[in-house]
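See below for run_8.cif, which holds mmCIF, N, CA and C atoms and all ligand atoms.
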data_final
loop_
_atom_site.group_PDB
_atom_site.id
_atom_site.type_symbol
_atom_site.label_atom_id
_atom_site.label_comp_id
_atom_site.auth_asym_id
_atom_site.auth_seq_id
_atom_site.Cartn_x
_atom_site.Cartn_y
_atom_site.Cartn_z
ATOM 1 N N MET A 1 0.834 -1.198 0.000
ATOM 2 C CA MET A 1 0.000 0.000 0.000
ATOM 3 C C MET A 1 0.867 1.245 0.000
ATOM 4 N N ASN A 2 0.576 2.132 -0.931
ATOM 5 C CA ASN A 2 1.238 3.433 -1.007
ATOM 6 C C ASN A 2 0.883 4.255 0.228
ATOM 7 N N GLU A 3 1.868 4.925 0.830
ATOM 8 C CA GLU A 3 1.591 5.674 2.057
ATOM 9 C C GLU A 3 0.615 6.823 1.861
ATOM 10 N N GLU A 4 0.510 7.312 0.619
ATOM 11 C CA GLU A 4 -0.409 8.427 0.375
ATOM 12 C C GLU A 4 -1.836 7.980 0.075
ATOM 13 N N GLU A 5 -2.046 6.666 -0.052
ATOM 14 C CA GLU A 5 -3.388 6.177 -0.310
ATOM 15 C C GLU A 5 -4.286 6.397 0.902
ATOM 16 N N THR A 6 -5.507 6.765 0.632
ATOM 17 C CA THR A 6 -6.474 6.894 1.721
ATOM 18 C C THR A 6 -7.327 5.637 1.751
ATOM 19 N N LEU A 7 -8.142 5.511 2.780
ATOM 20 C CA LEU A 7 -9.043 4.370 2.885
ATOM 21 C C LEU A 7 -9.975 4.328 1.677
ATOM 22 N N LEU A 8 -10.389 5.514 1.219
ATOM 23 C CA LEU A 8 -11.297 5.578 0.070
ATOM 24 C C LEU A 8 -10.649 5.019 -1.192
ATOM 25 N N ASP A 9 -9.314 5.201 -1.322
ATOM 26 C CA ASP A 9 -8.617 4.707 -2.505
ATOM 27 C C ASP A 9 -8.590 3.179 -2.567
ATOM 28 N N ILE A 10 -8.540 2.532 -1.416
ATOM 29 C CA ILE A 10 -8.351 1.080 -1.426
ATOM 30 C C ILE A 10 -9.649 0.297 -1.290
ATOM 31 N N CYS A 11 -10.757 0.975 -1.003
ATOM 32 C CA CYS A 11 -12.022 0.256 -0.987
ATOM 33 C C CYS A 11 -12.901 0.818 -2.099
ATOM 34 N N SER A 12 -13.867 0.029 -2.511
ATOM 35 C CA SER A 12 -14.647 0.436 -3.678
ATOM 36 C C SER A 12 -16.005 1.001 -3.270
ATOM 37 N N ILE A 13 -15.999 1.940 -2.360
ATOM 38 C CA ILE A 13 -17.236 2.559 -1.929
ATOM 39 C C ILE A 13 -17.491 3.785 -2.800
ATOM 40 N N SER A 14 -18.712 3.903 -3.290
ATOM 41 C CA SER A 14 -19.022 5.003 -4.201
ATOM 42 C C SER A 14 -19.358 6.267 -3.424
ATOM 43 N N LYS A 15 -19.312 7.383 -4.144
ATOM 44 C CA LYS A 15 -19.680 8.675 -3.559
ATOM 45 C C LYS A 15 -21.118 8.634 -3.030
ATOM 46 N N GLU A 16 -22.007 7.962 -3.788
ATOM 47 C CA GLU A 16 -23.404 7.875 -3.373
ATOM 48 C C GLU A 16 -23.556 7.063 -2.086
ATOM 49 N N GLN A 17 -22.738 5.992 -1.946
ATOM 50 C CA GLN A 17 -22.806 5.187 -0.719
ATOM 51 C C GLN A 17 -22.327 5.992 0.482
ATOM 52 N N ILE A 18 -21.315 6.831 0.276
ATOM 53 C CA ILE A 18 -20.823 7.677 1.360
ATOM 54 C C ILE A 18 -21.924 8.643 1.790
ATOM 55 N N ILE A 19 -22.561 9.291 0.803
ATOM 56 C CA ILE A 19 -23.632 10.240 1.120
ATOM 57 C C ILE A 19 -24.764 9.528 1.855
ATOM 58 N N PHE A 20 -25.103 8.319 1.408
ATOM 59 C CA PHE A 20 -26.171 7.566 2.059
ATOM 60 C C PHE A 20 -25.816 7.272 3.515
ATOM 61 N N ARG A 21 -24.573 6.914 3.772
ATOM 62 C CA ARG A 21 -24.184 6.588 5.147
ATOM 63 C C ARG A 21 -24.143 7.829 6.031
ATOM 64 N N VAL A 22 -23.727 8.958 5.446
ATOM 65 C CA VAL A 22 -23.765 10.216 6.203
ATOM 66 C C VAL A 22 -25.213 10.570 6.536
ATOM 67 N N LEU A 23 -26.112 10.332 5.573
ATOM 68 C CA LEU A 23 -27.534 10.576 5.817
ATOM 69 C C LEU A 23 -28.048 9.684 6.949
ATOM 70 N N CYS A 24 -27.647 8.411 6.964
ATOM 71 C CA CYS A 24 -28.043 7.499 8.042
ATOM 72 C C CYS A 24 -27.524 8.005 9.385
ATOM 73 N N ALA A 25 -26.275 8.460 9.420
ATOM 74 C CA ALA A 25 -25.686 8.978 10.655
ATOM 75 C C ALA A 25 -26.466 10.196 11.139
ATOM 76 N N LYS A 26 -26.843 11.080 10.194
ATOM 77 C CA LYS A 26 -27.626 12.268 10.551
ATOM 78 C C LYS A 26 -28.961 11.829 11.159
ATOM 79 N N ASN A 27 -29.606 10.829 10.542
ATOM 80 C CA ASN A 27 -30.897 10.368 11.060
ATOM 81 C C ASN A 27 -30.766 9.760 12.449
ATOM 82 N N TYR A 28 -29.670 9.033 12.703
ATOM 83 C CA TYR A 28 -29.450 8.469 14.037
ATOM 84 C C TYR A 28 -29.277 9.584 15.060
ATOM 85 N N LEU A 29 -28.470 10.585 14.704
ATOM 86 C CA LEU A 29 -28.233 11.676 15.649
ATOM 87 C C LEU A 29 -29.504 12.459 15.925
ATOM 88 N N GLU A 30 -30.388 12.564 14.921
ATOM 89 C CA GLU A 30 -31.661 13.275 15.096
ATOM 90 C C GLU A 30 -32.467 12.679 16.243
ATOM 91 N N GLN A 31 -32.344 11.358 16.426
ATOM 92 C CA GLN A 31 -33.125 10.677 17.457
ATOM 93 C C GLN A 31 -32.672 11.036 18.870
ATOM 94 N N VAL A 32 -31.440 11.523 19.015
ATOM 95 C CA VAL A 32 -30.922 11.805 20.357
ATOM 96 C C VAL A 32 -30.582 13.280 20.568
ATOM 97 N N LEU A 33 -30.807 14.110 19.530
ATOM 98 C CA LEU A 33 -30.479 15.538 19.632
ATOM 99 C C LEU A 33 -31.135 16.201 20.835
ATOM 100 N N SER A 34 -32.388 15.859 21.098
ATOM 101 C CA SER A 34 -33.119 16.531 22.171
ATOM 102 C C SER A 34 -32.639 16.095 23.558
ATOM 103 N N TYR A 35 -31.824 15.058 23.627
ATOM 104 C CA TYR A 35 -31.346 14.577 24.922
ATOM 105 C C TYR A 35 -30.024 15.217 25.335
ATOM 106 N N ASP A 36 -29.242 15.671 24.367
ATOM 107 C CA ASP A 36 -27.932 16.229 24.707
ATOM 108 C C ASP A 36 -27.506 17.251 23.641
ATOM 109 N N VAL A 37 -27.490 18.523 24.008
ATOM 110 C CA VAL A 37 -27.170 19.577 23.037
ATOM 111 C C VAL A 37 -25.727 19.496 22.549
ATOM 112 N N ASP A 38 -24.856 18.797 23.282
ATOM 113 C CA ASP A 38 -23.461 18.660 22.840
ATOM 114 C C ASP A 38 -23.351 17.882 21.530
ATOM 115 N N ILE A 39 -24.409 17.174 21.160
ATOM 116 C CA ILE A 39 -24.415 16.411 19.907
ATOM 117 C C ILE A 39 -24.609 17.331 18.709
ATOM 118 N N PHE A 40 -25.180 18.525 18.936
ATOM 119 C CA PHE A 40 -25.550 19.393 17.826
ATOM 120 C C PHE A 40 -24.396 19.708 16.857
ATOM 121 N N PRO A 41 -23.182 20.018 17.344
ATOM 122 C CA PRO A 41 -22.101 20.317 16.383
ATOM 123 C C PRO A 41 -21.826 19.167 15.409
ATOM 124 N N PHE A 42 -21.934 17.931 15.871
ATOM 125 C CA PHE A 42 -21.726 16.779 14.987
ATOM 126 C C PHE A 42 -22.856 16.698 13.961
ATOM 127 N N TYR A 43 -24.065 16.923 14.446
ATOM 128 C CA TYR A 43 -25.242 16.909 13.578
ATOM 129 C C TYR A 43 -25.119 17.981 12.504
ATOM 130 N N LYS A 44 -24.733 19.185 12.935
ATOM 131 C CA LYS A 44 -24.594 20.296 11.987
ATOM 132 C C LYS A 44 -23.499 19.989 10.959
ATOM 133 N N GLY A 45 -22.432 19.336 11.401
ATOM 134 C CA GLY A 45 -21.362 18.960 10.488
ATOM 135 C C GLY A 45 -21.852 18.012 9.403
ATOM 136 N N LEU A 46 -22.707 17.070 9.792
ATOM 137 C CA LEU A 46 -23.264 16.140 8.814
ATOM 138 C C LEU A 46 -24.201 16.866 7.853
ATOM 139 N N MET A 47 -24.988 17.816 8.389
ATOM 140 C CA MET A 47 -25.882 18.618 7.540
ATOM 141 C C MET A 47 -25.057 19.402 6.515
ATOM 142 N N ASP A 48 -23.976 20.025 6.977
ATOM 143 C CA ASP A 48 -23.127 20.814 6.078
ATOM 144 C C ASP A 48 -22.515 19.925 4.996
ATOM 145 N N TYR A 49 -22.113 18.713 5.386
ATOM 146 C CA TYR A 49 -21.550 17.768 4.425
ATOM 147 C C TYR A 49 -22.580 17.451 3.342
ATOM 148 N N LEU A 50 -23.812 17.142 3.769
ATOM 149 C CA LEU A 50 -24.870 16.799 2.811
ATOM 150 C C LEU A 50 -25.200 17.982 1.909
ATOM 151 N N LYS A 51 -25.251 19.181 2.490
ATOM 152 C CA LYS A 51 -25.536 20.373 1.685
ATOM 153 C C LYS A 51 -24.553 20.506 0.544
ATOM 154 N N GLU A 52 -23.285 20.234 0.852
ATOM 155 C CA GLU A 52 -22.240 20.431 -0.141
ATOM 156 C C GLU A 52 -22.086 19.259 -1.106
ATOM 157 N N LYS A 53 -22.217 18.026 -0.613
ATOM 158 C CA LYS A 53 -21.843 16.858 -1.413
ATOM 159 C C LYS A 53 -23.002 16.121 -2.085
ATOM 160 N N CYS A 54 -24.210 16.255 -1.565
ATOM 161 C CA CYS A 54 -25.350 15.544 -2.171
ATOM 162 C C CYS A 54 -25.607 16.111 -3.568
ATOM 163 N N PRO A 55 -25.925 15.234 -4.554
ATOM 164 C CA PRO A 55 -26.257 15.735 -5.899
ATOM 165 C C PRO A 55 -27.706 16.222 -5.982
ATOM 166 N N HIS A 56 -28.199 16.830 -4.958
ATOM 167 C CA HIS A 56 -29.587 17.258 -4.759
ATOM 168 C C HIS A 56 -30.517 17.131 -5.960
ATOM 169 N N LYS A 57 -31.665 16.516 -5.717
ATOM 170 C CA LYS A 57 -32.740 16.404 -6.704
ATOM 171 C C LYS A 57 -33.988 16.972 -6.034
ATOM 172 N N ILE A 58 -34.337 18.198 -6.433
ATOM 173 C CA ILE A 58 -35.426 18.910 -5.762
ATOM 174 C C ILE A 58 -36.779 18.477 -6.312
ATOM 175 N N ILE A 59 -37.686 18.133 -5.390
ATOM 176 C CA ILE A 59 -39.053 17.766 -5.782
ATOM 177 C C ILE A 59 -40.041 18.615 -4.984
ATOM 178 N N ASN A 60 -41.266 18.684 -5.483
ATOM 179 C CA ASN A 60 -42.344 19.398 -4.791
ATOM 180 C C ASN A 60 -43.185 18.402 -4.019
ATOM 181 N N ASP A 61 -43.654 18.837 -2.839
ATOM 182 C CA ASP A 61 -44.569 18.010 -2.066
ATOM 183 C C ASP A 61 -45.567 18.929 -1.387
ATOM 184 N N SER A 62 -46.771 18.417 -1.166
ATOM 185 C CA SER A 62 -47.807 19.200 -0.494
ATOM 186 C C SER A 62 -48.020 18.660 0.903
ATOM 187 N N ILE A 63 -48.044 19.585 1.876
ATOM 188 C CA ILE A 63 -48.328 19.174 3.250
ATOM 189 C C ILE A 63 -49.544 19.951 3.746
ATOM 190 N N ASP A 64 -50.392 19.284 4.527
ATOM 191 C CA ASP A 64 -51.556 19.940 5.103
ATOM 192 C C ASP A 64 -51.122 20.670 6.369
ATOM 193 N N THR A 65 -51.179 22.005 6.329
ATOM 194 C CA THR A 65 -50.812 22.768 7.518
ATOM 195 C C THR A 65 -52.014 22.921 8.451
ATOM 196 N N THR A 66 -53.218 22.975 7.880
ATOM 197 C CA THR A 66 -54.468 22.929 8.652
ATOM 198 C C THR A 66 -55.409 22.056 7.814
ATOM 199 N N PRO A 67 -56.554 21.664 8.364
ATOM 200 C CA PRO A 67 -57.494 20.863 7.545
ATOM 201 C C PRO A 67 -57.916 21.572 6.259
ATOM 202 N N GLU A 68 -57.870 22.916 6.256
ATOM 203 C CA GLU A 68 -58.318 23.668 5.070
ATOM 204 C C GLU A 68 -57.164 24.122 4.182
ATOM 205 N N LYS A 69 -55.957 24.144 4.700
ATOM 206 C CA LYS A 69 -54.868 24.760 3.965
ATOM 207 C C LYS A 69 -53.737 23.769 3.659
ATOM 208 N N THR A 70 -53.281 23.795 2.413
ATOM 209 C CA THR A 70 -52.167 22.962 1.983
ATOM 210 C C THR A 70 -51.013 23.861 1.554
ATOM 211 N N THR A 71 -49.814 23.497 1.970
ATOM 212 C CA THR A 71 -48.637 24.274 1.597
ATOM 213 C C THR A 71 -47.702 23.389 0.779
ATOM 214 N N THR A 72 -47.130 23.971 -0.268
ATOM 215 C CA THR A 72 -46.165 23.234 -1.081
ATOM 216 C C THR A 72 -44.763 23.471 -0.546
ATOM 217 N N ILE A 73 -44.041 22.392 -0.340
ATOM 218 C CA ILE A 73 -42.642 22.516 0.065
ATOM 219 C C ILE A 73 -41.763 21.881 -1.010
ATOM 220 N N ARG A 74 -40.543 22.380 -1.105
ATOM 221 C CA ARG A 74 -39.589 21.833 -2.065
ATOM 222 C C ARG A 74 -38.387 21.300 -1.283
ATOM 223 N N TYR A 75 -38.049 20.047 -1.539
ATOM 224 C CA TYR A 75 -36.931 19.441 -0.814
ATOM 225 C C TYR A 75 -36.212 18.438 -1.710
ATOM 226 N N CYS A 76 -35.034 18.052 -1.273
ATOM 227 C CA CYS A 76 -34.228 17.080 -2.013
ATOM 228 C C CYS A 76 -34.731 15.669 -1.704
ATOM 229 N N SER A 77 -35.007 14.890 -2.746
ATOM 230 C CA SER A 77 -35.524 13.536 -2.521
ATOM 231 C C SER A 77 -34.423 12.576 -2.066
ATOM 232 N N TYR A 78 -33.172 12.990 -2.110
ATOM 233 C CA TYR A 78 -32.074 12.149 -1.629
ATOM 234 C C TYR A 78 -31.776 12.414 -0.154
ATOM 235 N N CYS A 79 -31.503 13.672 0.179
ATOM 236 C CA CYS A 79 -31.069 13.981 1.549
ATOM 237 C C CYS A 79 -32.171 14.618 2.394
ATOM 238 N N TYR A 80 -33.309 14.939 1.783
ATOM 239 C CA TYR A 80 -34.480 15.498 2.480
ATOM 240 C C TYR A 80 -34.279 16.909 3.005
ATOM 241 N N LEU A 81 -33.171 17.554 2.663
ATOM 242 C CA LEU A 81 -33.011 18.954 3.076
ATOM 243 C C LEU A 81 -33.934 19.815 2.229
ATOM 244 N N ARG A 82 -34.498 20.851 2.865
ATOM 245 C CA ARG A 82 -35.353 21.767 2.114
ATOM 246 C C ARG A 82 -34.526 22.595 1.144
ATOM 247 N N GLU A 83 -35.154 22.960 0.036
ATOM 248 C CA GLU A 83 -34.440 23.740 -0.976
ATOM 249 C C GLU A 83 -33.882 25.028 -0.379
ATOM 250 N N THR A 84 -34.651 25.655 0.522
ATOM 251 C CA THR A 84 -34.197 26.907 1.123
ATOM 252 C C THR A 84 -32.928 26.699 1.956
ATOM 253 N N ASP A 85 -32.713 25.474 2.453
ATOM 254 C CA ASP A 85 -31.517 25.199 3.257
ATOM 255 C C ASP A 85 -30.299 24.887 2.398
ATOM 256 N N ILE A 86 -30.501 24.585 1.112
ATOM 257 C CA ILE A 86 -29.365 24.173 0.282
ATOM 258 C C ILE A 86 -29.090 25.137 -0.855
ATOM 259 N N LEU A 87 -29.779 26.275 -0.891
ATOM 260 C CA LEU A 87 -29.635 27.203 -2.008
ATOM 261 C C LEU A 87 -28.233 27.789 -2.143
ATOM 262 N N ASP A 88 -27.445 27.746 -1.069
ATOM 263 C CA ASP A 88 -26.094 28.295 -1.125
ATOM 264 C C ASP A 88 -25.216 27.527 -2.114
ATOM 265 N N PHE A 89 -25.597 26.290 -2.375
ATOM 266 C CA PHE A 89 -24.739 25.457 -3.198
ATOM 267 C C PHE A 89 -25.311 25.358 -4.602
ATOM 268 N N SER A 90 -24.462 25.250 -5.590
ATOM 269 C CA SER A 90 -24.890 25.384 -6.984
ATOM 270 C C SER A 90 -25.140 24.061 -7.693
ATOM 271 N N ASN A 91 -25.006 22.926 -7.010
ATOM 272 C CA ASN A 91 -25.167 21.633 -7.706
ATOM 273 C C ASN A 91 -26.595 21.119 -7.653
ATOM 274 N N VAL A 92 -27.567 22.031 -7.525
ATOM 275 C CA VAL A 92 -28.959 21.629 -7.419
ATOM 276 C C VAL A 92 -29.558 21.411 -8.808
ATOM 277 N N SER A 93 -30.180 20.243 -9.016
ATOM 278 C CA SER A 93 -30.921 20.031 -10.257
ATOM 279 C C SER A 93 -32.391 19.929 -9.900
ATOM 280 N N SER A 94 -33.194 20.752 -10.541
ATOM 281 C CA SER A 94 -34.615 20.803 -10.211
ATOM 282 C C SER A 94 -35.413 20.016 -11.231
ATOM 283 N N VAL A 95 -36.433 19.310 -10.761
ATOM 284 C CA VAL A 95 -37.282 18.542 -11.662
ATOM 285 C C VAL A 95 -38.714 19.062 -11.637
ATOM 286 N N SER A 96 -38.898 20.277 -11.165
ATOM 287 C CA SER A 96 -40.261 20.812 -11.036
ATOM 288 C C SER A 96 -40.810 21.207 -12.391
HETATM 289 ZN ZN ZN B 101 -29.765 16.436 -1.386
#
I need this file expressed as structure tokens, please.
Ligand SMILES: [Zn+2]
Amino acid sequence: MNEEETLLDICSISKEQIIFRVLCAKNYLEQVLSYDVDIFPFYKGLMDYLKEKCPHKIINDSIDTTPEKTTTIRYCSYCYLRETDILDFSNVSSVS
């Protein structure tokens, strides 16, 4: 093994698999965020990673905010971040 090789170089894990695992880690941390605020920096780090690295695919969805009112939200179907949270990054492809 070359000393400059990273773990990523020697295993055949794809970029999409990495993003998926980061998403899983974010979802796990979400379950315990309310129990310990010290977890938040790790959670935010994973969010920032997804914002930058996910190949975002924005879709529209309707949610009922009241029995009479429906609101349309736009979010990434891969990482579930809202479009408004990922607008800073330019790799967004919209399918609306
Ligand atoms: Zn995304």
- Of the candidates A:Ile63, A:Val22, A:Ile73, A:Val37, which shows the shortest atom-to-atom distance to A:Leu50, using only N, CA and C atoms? A:Val22
- Write out as a list in words each polymer residue (protein, DNA or RNA) that has an atom no more than 6 Å from ligand ZN 101 (chain B), with all atoms listed in the file counted.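 So, counting all atoms listed in the file, the residues near ligand ZN 101 (chain B) are Leu50, Cys54, Pro55, His56, Lys57, Cys76, Ser77, Tyr78, Cys79, Tyr80 and Leu81 of chain A.
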- Query: Which of chain A counts as strand (DSSP E) under DSSP, as a list of chain:residue names please?
  - Reply: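 Listing strand (DSSP E) positions across chain A yields A:Lys57, A:Ile58, A:Ile59, A:Asn60, A:Asp61, A:Ser62, A:Ile63, A:Asp64, A:Thr70, A:Thr71, A:Thr72, A:Ile73, A:Arg74, A:Tyr75, A:Cys76, A:Ser93, A:Ser94.
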- Nearest to A:Leu29: which of A:Glu4, A:Tyr43, A:Glu16, A:Thr65 is it, counting all atoms listed in the file? A:Tyr43
- Task: From chain A, collect each residue whose DSSP state is helix (DSSP H, G or I) and return the set as a ChimeraX atom specification.
- Result: /A:7-10,15-35,37-53,83-86
- Task: Select, from A:Lys26, A:Thr71, A:Ile59, A:Asp64, the residue with the minimum atom-to-atom distance to A:Leu46, counting all atoms listed in the file.
- Result: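 Closest residue, counting all atoms listed in the file: A:Lys26.
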Per-axis box centre and lengths in Å around stretch 32-45 of chain A, 5 Å margin per side, axis-aligned, as lines of an AutoDock Vina configuration file:
center_x = -27.2
center_y = 15.9
center_z = 17.4
size_x = 21.8
size_y = 18.8
size_z = 25.9
- Query: What is the atom N of A:Gly45 to atom C of A:Gln17 distance in Å?
  - Reply: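 Atom C of A:Gln17 lies 17.2 Å from atom N of A:Gly45.
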